[in-house]
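Peer 1: I'm passing along entry_28.pdb; it holds PDB, C-alpha atoms.
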```
ATOM      1  CA  MET A   1     -18.690  45.870 105.969  1.00  0.00           C
ATOM      2  CA  ALA A   2     -21.954  44.199 106.543  1.00  0.00           C
ATOM      3  CA  GLY A   3     -22.764  42.069 103.565  1.00  0.00           C
ATOM      4  CA  LEU A   4     -19.510  42.222 101.608  1.00  0.00           C
ATOM      5  CA  GLU A   5     -17.811  38.873 101.328  1.00  0.00           C
ATOM      6  CA  ILE A   6     -14.369  40.050 100.278  1.00  0.00           C
ATOM      7  CA  SER A   7     -11.611  41.311 102.537  1.00  0.00           C
ATOM      8  CA  PRO A   8     -10.539  44.944 102.277  1.00  0.00           C
ATOM      9  CA  THR A   9      -7.008  43.630 101.694  1.00  0.00           C
ATOM     10  CA  LYS A  10      -8.078  41.830  98.503  1.00  0.00           C
ATOM     11  CA  VAL A  11      -9.949  44.930  97.357  1.00  0.00           C
ATOM     12  CA  GLY A  12      -6.816  46.949  98.110  1.00  0.00           C
ATOM     13  CA  PHE A  13      -4.751  44.639  95.906  1.00  0.00           C
ATOM     14  CA  VAL A  14      -7.216  44.936  93.009  1.00  0.00           C
ATOM     15  CA  ASN A  15      -7.253  48.701  93.515  1.00  0.00           C
ATOM     16  CA  VAL A  16      -3.458  49.078  93.417  1.00  0.00           C
ATOM     17  CA  LYS A  17      -3.129  46.852  90.353  1.00  0.00           C
ATOM     18  CA  SER A  18      -6.049  48.489  88.544  1.00  0.00           C
ATOM     19  CA  ARG A  19      -4.509  51.918  89.187  1.00  0.00           C
ATOM     20  CA  GLU A  20      -1.287  50.658  87.578  1.00  0.00           C
ATOM     21  CA  TYR A  21      -3.331  49.331  84.658  1.00  0.00           C
ATOM     22  CA  ASP A  22      -5.364  52.554  84.329  1.00  0.00           C
ATOM     23  CA  ALA A  23      -2.111  54.534  84.077  1.00  0.00           C
ATOM     24  CA  LYS A  24      -1.041  52.641  80.965  1.00  0.00           C
ATOM     25  CA  VAL A  25      -1.218  54.177  77.510  1.00  0.00           C
ATOM     26  CA  GLY A  26      -1.462  52.525  74.123  1.00  0.00           C
ATOM     27  CA  ALA A  27       1.748  50.846  73.001  1.00  0.00           C
ATOM     28  CA  TRP A  28       3.526  52.610  70.163  1.00  0.00           C
ATOM     29  CA  ASP A  29       4.684  49.304  68.660  1.00  0.00           C
ATOM     30  CA  ASP A  30       2.985  45.935  68.230  1.00  0.00           C
ATOM     31  CA  GLY A  31       3.976  44.703  71.701  1.00  0.00           C
ATOM     32  CA  GLU A  32       5.066  41.335  70.374  1.00  0.00           C
ATOM     33  CA  THR A  33       8.537  41.461  71.892  1.00  0.00           C
ATOM     34  CA  SER A  34       9.174  40.185  75.380  1.00  0.00           C
ATOM     35  CA  ASP A  35      11.990  42.660  75.975  1.00  0.00           C
ATOM     36  CA  HIS A  36      10.368  46.054  76.633  1.00  0.00           C
ATOM     37  CA  ASP A  37      12.676  48.925  77.496  1.00  0.00           C
ATOM     38  CA  ALA A  38      12.397  51.114  80.598  1.00  0.00           C
ATOM     39  CA  GLU A  39      10.636  53.900  78.707  1.00  0.00           C
ATOM     40  CA  SER A  40       7.797  51.523  77.783  1.00  0.00           C
ATOM     41  CA  ILE A  41       6.764  50.757  81.379  1.00  0.00           C
ATOM     42  CA  LEU A  42       3.532  52.740  80.996  1.00  0.00           C
ATOM     43  CA  GLU A  43       2.679  51.280  77.596  1.00  0.00           C
ATOM     44  CA  ASP A  44      -0.179  48.791  77.430  1.00  0.00           C
ATOM     45  CA  PHE A  45       1.142  45.627  75.753  1.00  0.00           C
ATOM     46  CA  LYS A  46      -0.920  42.479  75.132  1.00  0.00           C
ATOM     47  CA  ASP A  47       1.439  40.491  77.358  1.00  0.00           C
ATOM     48  CA  ASP A  48       1.478  43.103  80.148  1.00  0.00           C
ATOM     49  CA  SER A  49       2.184  41.420  83.488  1.00  0.00           C
ATOM     50  CA  THR A  50      -0.043  43.818  85.436  1.00  0.00           C
ATOM     51  CA  VAL A  51      -3.089  42.894  83.361  1.00  0.00           C
ATOM     52  CA  VAL A  52      -2.284  39.189  83.504  1.00  0.00           C
ATOM     53  CA  GLU A  53      -1.765  39.302  87.277  1.00  0.00           C
ATOM     54  CA  LEU A  54      -4.944  41.284  87.895  1.00  0.00           C
ATOM     55  CA  ARG A  55      -7.069  39.095  85.611  1.00  0.00           C
ATOM     56  CA  GLU A  56      -5.797  35.903  87.268  1.00  0.00           C
ATOM     57  CA  PHE A  57      -6.311  37.342  90.757  1.00  0.00           C
ATOM     58  CA  ILE A  58      -9.949  38.223  90.013  1.00  0.00           C
ATOM     59  CA  ARG A  59     -10.581  34.853  88.349  1.00  0.00           C
ATOM     60  CA  ASP A  60      -9.166  33.078  91.415  1.00  0.00           C
ATOM     61  CA  LEU A  61     -11.616  34.828  93.748  1.00  0.00           C
ATOM     62  CA  ASN A  62     -14.600  32.725  94.762  1.00  0.00           C
ATOM     63  CA  ILE A  63     -18.046  33.694  93.461  1.00  0.00           C
ATOM     64  CA  ASP A  64     -19.010  35.554  96.647  1.00  0.00           C
ATOM     65  CA  GLU A  65     -15.821  37.624  96.468  1.00  0.00           C
ATOM     66  CA  GLN A  66     -16.363  38.416  92.779  1.00  0.00           C
ATOM     67  CA  VAL A  67     -19.977  39.420  93.454  1.00  0.00           C
ATOM     68  CA  SER A  68     -18.846  41.660  96.317  1.00  0.00           C
ATOM     69  CA  LEU A  69     -16.162  43.280  94.159  1.00  0.00           C
ATOM     70  CA  VAL A  70     -18.675  44.085  91.414  1.00  0.00           C
ATOM     71  CA  ALA A  71     -21.174  45.455  93.950  1.00  0.00           C
ATOM     72  CA  LEU A  72     -18.434  47.621  95.451  1.00  0.00           C
ATOM     73  CA  VAL A  73     -17.617  49.073  92.017  1.00  0.00           C
ATOM     74  CA  TRP A  74     -21.298  49.809  91.417  1.00  0.00           C
ATOM     75  CA  ILE A  75     -21.538  51.619  94.746  1.00  0.00           C
ATOM     76  CA  GLY A  76     -18.376  53.555  93.901  1.00  0.00           C
ATOM     77  CA  ARG A  77     -19.725  54.748  90.573  1.00  0.00           C
ATOM     78  CA  GLY A  78     -23.099  55.684  92.063  1.00  0.00           C
ATOM     79  CA  SER A  79     -25.285  52.966  90.547  1.00  0.00           C
ATOM     80  CA  PHE A  80     -26.211  52.021  94.119  1.00  0.00           C
ATOM     81  CA  SER A  81     -25.770  53.919  97.382  1.00  0.00           C
ATOM     82  CA  ALA A  82     -23.968  52.463 100.391  1.00  0.00           C
ATOM     83  CA  ASP A  83     -27.408  51.937 101.956  1.00  0.00           C
ATOM     84  CA  GLU A  84     -28.325  49.766  98.978  1.00  0.00           C
ATOM     85  CA  LEU A  85     -25.443  47.330  99.454  1.00  0.00           C
ATOM     86  CA  GLU A  86     -27.724  44.306  99.754  1.00  0.00           C
ATOM     87  CA  ASP A  87     -29.519  45.273  96.515  1.00  0.00           C
ATOM     88  CA  ALA A  88     -26.168  45.730  94.768  1.00  0.00           C
ATOM     89  CA  LEU A  89     -25.007  42.313  95.971  1.00  0.00           C
ATOM     90  CA  GLU A  90     -28.273  40.679  94.907  1.00  0.00           C
ATOM     91  CA  THR A  91     -28.070  42.244  91.434  1.00  0.00           C
ATOM     92  CA  ALA A  92     -24.392  41.328  91.044  1.00  0.00           C
ATOM     93  CA  ARG A  93     -25.151  37.738  92.076  1.00  0.00           C
ATOM     94  CA  ALA A  94     -28.030  37.516  89.576  1.00  0.00           C
ATOM     95  CA  GLU A  95     -25.817  38.836  86.763  1.00  0.00           C
ATOM     96  CA  HIS A  96     -22.666  36.891  87.697  1.00  0.00           C
ATOM     97  CA  ASN A  97     -20.935  34.914  84.951  1.00  0.00           C
ATOM     98  CA  LYS A  98     -17.465  33.592  84.147  1.00  0.00           C
ATOM     99  CA  ARG A  99     -16.331  36.936  82.664  1.00  0.00           C
ATOM    100  CA  THR A 100     -16.114  38.997  85.861  1.00  0.00           C
ATOM    101  CA  ALA A 101     -12.421  39.779  85.360  1.00  0.00           C
ATOM    102  CA  GLU A 102     -12.965  40.959  81.793  1.00  0.00           C
ATOM    103  CA  TYR A 103     -16.000  43.006  82.866  1.00  0.00           C
ATOM    104  CA  LEU A 104     -14.086  44.754  85.651  1.00  0.00           C
ATOM    105  CA  LEU A 105     -10.956  45.342  83.558  1.00  0.00           C
ATOM    106  CA  GLY A 106     -13.156  46.932  80.903  1.00  0.00           C
ATOM    107  CA  ILE A 107     -14.445  49.595  83.298  1.00  0.00           C
ATOM    108  CA  PRO A 108     -12.654  52.921  82.880  1.00  0.00           C
ATOM    109  CA  LEU A 109     -11.700  54.411  86.273  1.00  0.00           C
ATOM    110  CA  LEU A 110     -12.000  51.035  88.021  1.00  0.00           C
ATOM    111  CA  SER A 111      -9.590  52.069  90.771  1.00  0.00           C
ATOM    112  CA  ASP A 112     -11.528  55.301  91.389  1.00  0.00           C
ATOM    113  CA  TYR A 113     -14.782  53.360  91.764  1.00  0.00           C
ATOM    114  CA  LEU A 114     -13.189  50.869  94.141  1.00  0.00           C
ATOM    115  CA  GLU A 115     -11.847  53.712  96.279  1.00  0.00           C
ATOM    116  CA  GLU A 116     -15.229  55.444  96.322  1.00  0.00           C
ATOM    117  CA  GLY A 117     -16.984  52.180  97.182  1.00  0.00           C
ATOM    118  CA  LEU A 118     -14.625  51.394 100.047  1.00  0.00           C
ATOM    119  CA  SER A 119     -14.946  54.917 101.421  1.00  0.00           C
ATOM    120  CA  ALA A 120     -18.748  54.876 101.126  1.00  0.00           C
ATOM    121  CA  LEU A 121     -18.830  51.717 103.229  1.00  0.00           C
ATOM    122  CA  GLY A 122     -16.524  53.175 105.869  1.00  0.00           C
ATOM    123  CA  TYR A 123     -13.241  51.508 104.956  1.00  0.00           C
ATOM    124  CA  SER A 124      -9.866  53.153 104.804  1.00  0.00           C
ATOM    125  CA  VAL A 125      -8.538  52.909 101.263  1.00  0.00           C
ATOM    126  CA  GLU A 126      -4.998  53.544 102.497  1.00  0.00           C
ATOM    127  CA  ASP A 127      -5.179  50.747 105.085  1.00  0.00           C
ATOM    128  CA  ALA A 128      -6.574  48.286 102.542  1.00  0.00           C
ATOM    129  CA  GLU A 129      -3.824  49.103 100.045  1.00  0.00           C
ATOM    130  CA  ASP A 130      -1.072  49.043 102.675  1.00  0.00           C
ATOM    131  CA  ASP A 131      -2.261  45.633 103.910  1.00  0.00           C
ATOM    132  CA  ALA A 132      -2.424  44.327 100.352  1.00  0.00           C
ATOM    133  CA  MET A 133       1.091  45.466  99.501  1.00  0.00           C
ATOM    134  CA  GLY A 134       2.584  44.432 102.830  1.00  0.00           C
ATOM    135  CA  ASP A 135       3.419  47.965 104.012  1.00  0.00           C
TER     136      ASP A 135
END
```
Please express the file's structure as C-alpha cells.

Peer 2:
Amino acid sequence: MAGLEISPTKVGFVNVKSREYDAKVGAWDDGETSDHDAESILEDFKDDSTVVELREFIRDLNIDEQVSLVALVWIGRGSFSADELEDALETARAEHNKRTAEYLLGIPLLSDYLEEGLSALGYSVEDAEDDAMGD
C-alpha cells in the first residue's frame, strides 16, 4: 500500500469491531444496567464494550494512522478511487481533528467501506482480519 501509513492488521481490527458494532440494534430498555442478558448481545447500549474498545483503539492511533484510515474509508465508499490515494490522504490530513473516532463510528456501513478500500488497494481483507484477531 503505497502511501497508507497504517498496517492492514490494524485496519482488520477496526473492520472486525465495526462489523460487530454495525450489527447492533437499538436497545429495548434504557441500557443503564451493567448486567445485560444473553439475548441482548446485539442491542446497542451506551456502555457497549465494542463501541468503547473501537473508539479507544482509533483514538490511540497516531495522526498518520487516523488519516490513512479515513482515506481508506473514502476510497471504499467511492469518494476517491484507488488511483487517488494521495489526494485522499492529503484531504484527510487537511480535515483531521480530534474527533476521528466519532466521525468514523458515525458512518453507516463503516466495515463495508473498509473492506472495499482494502480490496481496491490490493489487500486481502481476510488476511488483515485473521492477523488482527490472531487466527

Peer 1: Residues within 12 Å of Arg99 (chain A), please, as a list of chain:residue names. Count all atoms listed in the file; anything in the same chain fewer than 4 positions from it doesn't count.

Peer 2: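 Residues meeting the cut-off are A:Arg55, A:Glu56, A:Ile58, A:Arg59, A:Asp60, A:Ile63, A:Gln66, A:Val67, A:Val70, A:Glu95, A:Tyr103, A:Leu104, A:Leu105, A:Gly106.
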
Peer 1: Compile the contact shell of Ala120 (chain A) as JSON, numbers by chain: residues with an atom at most 10 Å away, counting all atoms listed in the file, same-chain residues fewer than 2 positions apart removed.

Peer 2: {"A": [72, 75, 76, 81, 82, 83, 114, 115, 116, 117, 118, 122, 123, 124]}

Peer 1: Which residue out of A:Tyr21, A:Glu5, A:Asp131, A:Asp87 has the minimum interatomic distance to Ser68 (chain A) when only C-alpha atoms are used?

Peer 2: A:Glu5

Peer 1: Nearest to Glu65 (chain A): which of A:Leu109, A:Val14, A:Ala128, A:Met133 is it, counting all atoms listed in the file?

Peer 2: A:Val14

Peer 1: Can you turn the PyMOL selection byres ((chain A and resi 4) around 10) into a concrete residue list for this file, as a list of chain:residue names?

Peer 2: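 Taken on the displayed file, the PyMOL selection byres ((chain A and resi 4) around 10) yields the residues A:Met1, A:Ala2, A:Gly3, A:Glu5, A:Ile6, A:Ser7, A:Pro8, A:Asp64, A:Glu65, A:Val67, A:Ser68, A:Leu69, A:Ala71, A:Leu72, A:Leu85, A:Glu86, A:Leu89, A:Leu121.
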
Peer 1: Can you tell me how far CA of Asp127 (chain A) sits from CA of Lys10 (chain A), in Å to one decimal?

Peer 2: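 Distance reported for this atom pair: 11.5 Å.
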
Peer 1: Within 12 Å of Val16 (chain A), counting all atoms listed in the file, which residues show up once you throw out same-chain ones fewer than 3 positions away? Write them as a list of chain:residue names, please.

Peer 2: A:Thr9, A:Lys10, A:Val11, A:Gly12, A:Phe13, A:Arg19, A:Glu20, A:Tyr21, A:Asp22, A:Ala23, A:Thr50, A:Val51, A:Glu53, A:Leu54, A:Leu110, A:Ser111, A:Asp112, A:Leu114, A:Glu115, A:Val125, A:Glu126, A:Asp127, A:Ala128, A:Glu129, A:Asp130, A:Asp131, A:Ala132, A:Met133

Peer 1: Find the residue from A:Leu61, A:Lys98, A:Pro108, A:Gly78 that sits nearest to Ser18 (chain A); use all atoms listed in the file when measuring.

Peer 2: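 Result for the nearest residue to Ser18 (chain A): A:Pro108.
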
Peer 1: Mind pulling up the distance from CA of Tyr113 (chain A) to CA of Arg77 (chain A)?

Peer 2: 5.3 Å

Peer 1: Please compute the CA of Val52 (chain A)-CA of Ser79 (chain A) distance, one decimal, in Å.

Peer 2: 27.7 Å
